[in-house]
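Everything below concerns the one structure shown next.
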Amino acid sequence: MRYTLILFSLLLAPVLPANAQVSIGIGTPNVSIGINLPGYPEFARVPGYPVYYAPRVGVNLFFYDGLYWAYYGDNWYASSWYNGPWGLVSPMYVPVYVLRVPVRYYRVPPPYFRGWPMDAPPRWGQYYGKHWEQERHGWDNWNRNYAPAPAPLPAYQQKYSGKKYPHSDQQPVYRSEYYHYQPSDPVARQYYEQETARYQQHSQKNSKGGNGQGNDNGKKKGHGYDD
């Protein structure tokens with residue numbers, strides 16, 4: 001199966017080169033997967049799940065535990081902002097509540113979803129193979145009475161679209177100022193930690209540069225996503 005040979009994890013992000021074409025964590029800050037929404041999308045709760053989905057966009061976009069999760073091009077991606085940048089997440093580490101979202105809430109279901117029950121989760125074990133199914137045993141067994149409460153939506157991001165959409169180095173600043181939720185899922189927690197560490201690294205580099213070229217570049221690149 002496609003994921004038995006190579007199993008990526010967010011834990012590997014620090015060892016990737018800075019110019020890697022696809023990020024598997026947050027180490028590569030400007031990864032685009034073709035999602036370029038004109039503004040903050042509308043989200044609706046998946047009934048009975050601690051997950052939101054975006055019903056009016058042409059992409060499989062969800063929000064769970066403080067992060068956006070996108071199923072795009074047969075891969076899972078995560079981001080703390082609705083237009084990325086995105087980090088590739090191995091299906092071995094996608095949170096179970098995201099995997100459990102029923103088929104009907106995928107706005108652009110891939111062809112292999114055809115024939116699967118609309119009110120049941122995708123048949124990930126069938127798609128990813130026996131190794132995945134063994135490693136993620138029990139992913140689709142849960143008591144809905146004990147599901148966690150959904151994380152609050154980061155509505156502050158409604159102010160940031162088009163040329164106001166922040167560069168990846170500025171995103172942690174706005175998040176820490178306006179959004180104080182702390183994720184519980186290990187992958188989401190690690191994403192937050194790596195994002196914060198990247199910002200601190202960037203700040204230290206700029207502070208060493210004083211008011212010279214480093215700051216000028218920061219002003220020019222402050223909005224990495226233009227319409």
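In the structure tokens, each chain is lettered A, B, ... as it comes, each chain's residues begin at 1, and ligands are numbered from 1 in order of appearance.
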Checklist entry - Within 6 Å of region 49-53 of chain A, counting only C-alpha atoms, which residues qualify if same-chain residues fewer than 3 places away don't, as a list of chain:residue names? => result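 Surrounding residues, per the criterion: A:Phe43, A:Ala44, A:Arg45, A:Val46, A:Leu61, A:Phe62, A:Phe63, A:Tyr64, A:Ala149, A:Pro150.
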I need the chosen residues saved as a PDB file, in the first residue's frame, with N, CA and C atoms.
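Okay, this is what ended up in again_20.pdb:
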```pdb
ATOM      1  N   PHE A  43     -18.312  28.105   8.765  1.00  0.00           N
ATOM      2  CA  PHE A  43     -18.174  26.756   9.301  1.00  0.00           C
ATOM      3  C   PHE A  43     -19.470  26.339   9.987  1.00  0.00           C
ATOM      4  N   ALA A  44     -19.766  25.046   9.919  1.00  0.00           N
ATOM      5  CA  ALA A  44     -20.932  24.478  10.595  1.00  0.00           C
ATOM      6  C   ALA A  44     -20.475  23.237  11.358  1.00  0.00           C
ATOM      7  N   ARG A  45     -21.092  23.004  12.476  1.00  0.00           N
ATOM      8  CA  ARG A  45     -20.735  21.845  13.292  1.00  0.00           C
ATOM      9  C   ARG A  45     -21.207  20.553  12.629  1.00  0.00           C
ATOM     10  N   VAL A  46     -20.351  19.556  12.593  1.00  0.00           N
ATOM     11  CA  VAL A  46     -20.770  18.216  12.195  1.00  0.00           C
ATOM     12  C   VAL A  46     -21.593  17.663  13.357  1.00  0.00           C
ATOM     13  N   LEU A  61     -12.614  20.824   3.868  1.00  0.00           N
ATOM     14  CA  LEU A  61     -11.974  21.631   4.910  1.00  0.00           C
ATOM     15  C   LEU A  61     -12.720  21.459   6.228  1.00  0.00           C
ATOM     16  N   PHE A  62     -11.964  21.134   7.272  1.00  0.00           N
ATOM     17  CA  PHE A  62     -12.530  20.904   8.600  1.00  0.00           C
ATOM     18  C   PHE A  62     -11.767  21.728   9.638  1.00  0.00           C
ATOM     19  N   PHE A  63     -12.370  21.867  10.809  1.00  0.00           N
ATOM     20  CA  PHE A  63     -11.682  22.519  11.928  1.00  0.00           C
ATOM     21  C   PHE A  63     -11.873  21.650  13.152  1.00  0.00           C
ATOM     22  N   TYR A  64     -10.747  21.288  13.771  1.00  0.00           N
ATOM     23  CA  TYR A  64     -10.789  20.444  14.965  1.00  0.00           C
ATOM     24  C   TYR A  64      -9.598  20.757  15.860  1.00  0.00           C
ATOM     25  N   ALA A 149     -15.760  18.424  23.874  1.00  0.00           N
ATOM     26  CA  ALA A 149     -16.423  19.622  23.341  1.00  0.00           C
ATOM     27  C   ALA A 149     -15.582  20.178  22.194  1.00  0.00           C
ATOM     28  N   PRO A 150     -16.219  20.782  21.197  1.00  0.00           N
ATOM     29  CA  PRO A 150     -15.444  21.343  20.091  1.00  0.00           C
ATOM     30  C   PRO A 150     -14.641  22.558  20.528  1.00  0.00           C
TER      31      PRO A 150
END
```
Closest pair table for region 88-184 of chain A residues within 12 Å of region 33-36 of chain A, only C-alpha atoms, as a tab-separated table:
```
residue	atom	partner	partner_atom	distance
A:Leu88	CA	A:Ile33	CA	9.6
A:Ser161	CA	A:Asn36	CA	10.0
A:Gly162	CA	A:Asn36	CA	9.4
A:Tyr165	CA	A:Asn36	CA	10.9
```
Next on the checklist: DSSP on the backbone: which residues in region 100-199 of chain A end up as helix (DSSP H, G or I)? Give the answer as number ranges by chain.
Outcome noted: A: 103-105, 111-113, 124-128, 130-135, 144-146, 155-159, 162-164, 171-178, 186-199
Next, the residues of the selection above should be written as a short mmCIF file (atom, residue, chain, number, x, y, z; two decimals), in the first residue's frame with N, CA and C atoms.
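New file result_17.cif:
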```
data_model
loop_
_atom_site.label_atom_id
_atom_site.label_comp_id
_atom_site.auth_asym_id
_atom_site.auth_seq_id
_atom_site.Cartn_x
_atom_site.Cartn_y
_atom_site.Cartn_z
N VAL A 103 -18.92 10.66 5.45
CA VAL A 103 -18.66 10.94 4.03
C VAL A 103 -19.43 12.16 3.55
N ARG A 104 -20.67 12.35 4.00
CA ARG A 104 -21.51 13.43 3.48
C ARG A 104 -20.93 14.82 3.74
N TYR A 105 -19.99 14.96 4.66
CA TYR A 105 -19.43 16.28 4.98
C TYR A 105 -18.15 16.59 4.20
N PRO A 111 -13.14 9.99 -5.93
CA PRO A 111 -13.92 8.94 -6.60
C PRO A 111 -14.05 7.65 -5.79
N TYR A 112 -13.04 7.30 -5.01
CA TYR A 112 -13.11 6.03 -4.28
C TYR A 112 -14.07 6.08 -3.10
N PHE A 113 -14.63 7.25 -2.79
CA PHE A 113 -15.68 7.33 -1.77
C PHE A 113 -17.02 6.81 -2.32
N TRP A 124 -11.32 4.16 5.74
CA TRP A 124 -9.88 4.44 5.70
C TRP A 124 -9.04 3.17 5.78
N GLY A 125 -9.51 2.19 6.54
CA GLY A 125 -8.76 0.94 6.63
C GLY A 125 -8.66 0.25 5.28
N GLN A 126 -9.73 0.30 4.51
CA GLN A 126 -9.72 -0.27 3.17
C GLN A 126 -8.79 0.51 2.25
N TYR A 127 -8.78 1.82 2.40
CA TYR A 127 -7.98 2.66 1.50
C TYR A 127 -6.49 2.63 1.85
N TYR A 128 -6.16 2.73 3.14
CA TYR A 128 -4.77 2.83 3.54
C TYR A 128 -4.09 1.46 3.73
N LYS A 130 -3.74 -2.75 5.42
CA LYS A 130 -3.73 -3.51 6.67
C LYS A 130 -2.80 -2.92 7.71
N HIS A 131 -1.64 -2.43 7.28
CA HIS A 131 -0.69 -1.88 8.25
C HIS A 131 -1.31 -0.69 8.98
N TRP A 132 -1.91 0.20 8.20
CA TRP A 132 -2.57 1.36 8.81
C TRP A 132 -3.68 0.90 9.74
N GLU A 133 -4.47 -0.06 9.29
CA GLU A 133 -5.61 -0.52 10.09
C GLU A 133 -5.15 -1.14 11.40
N GLN A 134 -4.02 -1.83 11.37
CA GLN A 134 -3.48 -2.41 12.59
C GLN A 134 -2.98 -1.32 13.55
N GLU A 135 -2.28 -0.34 12.99
CA GLU A 135 -1.73 0.74 13.81
C GLU A 135 -2.82 1.64 14.39
N ARG A 144 -20.23 8.34 21.66
CA ARG A 144 -20.52 9.75 21.38
C ARG A 144 -20.90 10.52 22.64
N ASN A 145 -21.30 9.81 23.67
CA ASN A 145 -21.64 10.49 24.93
C ASN A 145 -20.41 11.07 25.61
N TYR A 146 -19.24 10.60 25.22
CA TYR A 146 -18.01 11.05 25.85
C TYR A 146 -17.10 11.82 24.89
N ALA A 155 -12.56 33.01 15.19
CA ALA A 155 -13.30 34.02 14.43
C ALA A 155 -12.49 35.30 14.20
N TYR A 156 -11.44 35.52 14.99
CA TYR A 156 -10.61 36.71 14.79
C TYR A 156 -10.00 36.75 13.40
N GLN A 157 -9.89 35.60 12.76
CA GLN A 157 -9.27 35.55 11.43
C GLN A 157 -10.17 36.13 10.34
N GLN A 158 -11.41 36.44 10.70
CA GLN A 158 -12.31 37.08 9.73
C GLN A 158 -11.76 38.43 9.27
N LYS A 159 -10.95 39.06 10.10
CA LYS A 159 -10.39 40.39 9.76
C LYS A 159 -9.25 40.30 8.75
N GLY A 162 -7.15 38.52 1.82
CA GLY A 162 -6.47 39.23 0.75
C GLY A 162 -5.10 39.73 1.17
N LYS A 163 -4.86 41.02 0.98
CA LYS A 163 -3.57 41.59 1.31
C LYS A 163 -3.34 41.70 2.82
N LYS A 164 -4.40 41.56 3.59
CA LYS A 164 -4.26 41.60 5.05
C LYS A 164 -3.92 40.24 5.64
N GLN A 171 1.70 34.92 11.89
CA GLN A 171 0.49 34.22 12.32
C GLN A 171 0.49 33.84 13.80
N PRO A 172 1.62 33.34 14.35
CA PRO A 172 1.62 33.01 15.78
C PRO A 172 1.39 34.22 16.68
N VAL A 173 1.77 35.40 16.21
CA VAL A 173 1.57 36.62 17.01
C VAL A 173 0.09 36.88 17.18
N TYR A 174 -0.65 36.84 16.07
CA TYR A 174 -2.09 37.08 16.13
C TYR A 174 -2.80 35.97 16.91
N ARG A 175 -2.35 34.74 16.71
CA ARG A 175 -2.97 33.63 17.42
C ARG A 175 -2.81 33.79 18.94
N SER A 176 -1.60 34.11 19.39
CA SER A 176 -1.36 34.23 20.82
C SER A 176 -2.12 35.42 21.42
N GLU A 177 -2.38 36.43 20.59
CA GLU A 177 -3.08 37.62 21.08
C GLU A 177 -4.59 37.42 21.14
N TYR A 178 -5.14 36.72 20.14
CA TYR A 178 -6.60 36.65 20.01
C TYR A 178 -7.21 35.28 20.27
N PRO A 186 -2.14 15.34 20.42
CA PRO A 186 -0.67 15.46 20.37
C PRO A 186 -0.14 16.14 19.11
N VAL A 187 -0.74 15.84 17.96
CA VAL A 187 -0.27 16.45 16.71
C VAL A 187 -0.58 17.94 16.71
N ALA A 188 -1.78 18.31 17.16
CA ALA A 188 -2.14 19.73 17.22
C ALA A 188 -1.24 20.48 18.20
N ARG A 189 -0.97 19.86 19.34
CA ARG A 189 -0.07 20.50 20.32
C ARG A 189 1.31 20.72 19.72
N GLN A 190 1.81 19.70 19.03
CA GLN A 190 3.14 19.83 18.44
C GLN A 190 3.16 20.91 17.37
N TYR A 191 2.08 21.00 16.60
CA TYR A 191 2.00 22.03 15.57
C TYR A 191 2.12 23.41 16.21
N TYR A 192 1.37 23.64 17.29
CA TYR A 192 1.42 24.92 17.99
C TYR A 192 2.83 25.20 18.51
N GLU A 193 3.44 24.19 19.09
CA GLU A 193 4.79 24.36 19.65
C GLU A 193 5.80 24.70 18.56
N GLN A 194 5.72 24.02 17.45
CA GLN A 194 6.66 24.28 16.36
C GLN A 194 6.42 25.65 15.73
N GLU A 195 5.16 26.03 15.64
CA GLU A 195 4.83 27.33 15.08
C GLU A 195 5.38 28.44 15.97
N THR A 196 5.21 28.28 17.28
CA THR A 196 5.74 29.26 18.23
C THR A 196 7.25 29.32 18.17
N ALA A 197 7.90 28.15 18.10
CA ALA A 197 9.36 28.10 18.03
C ALA A 197 9.87 28.78 16.76
N ARG A 198 9.14 28.59 15.66
CA ARG A 198 9.56 29.23 14.40
C ARG A 198 9.47 30.74 14.50
N TYR A 199 8.40 31.22 15.16
CA TYR A 199 8.26 32.67 15.33
C TYR A 199 9.37 33.22 16.21
#
```
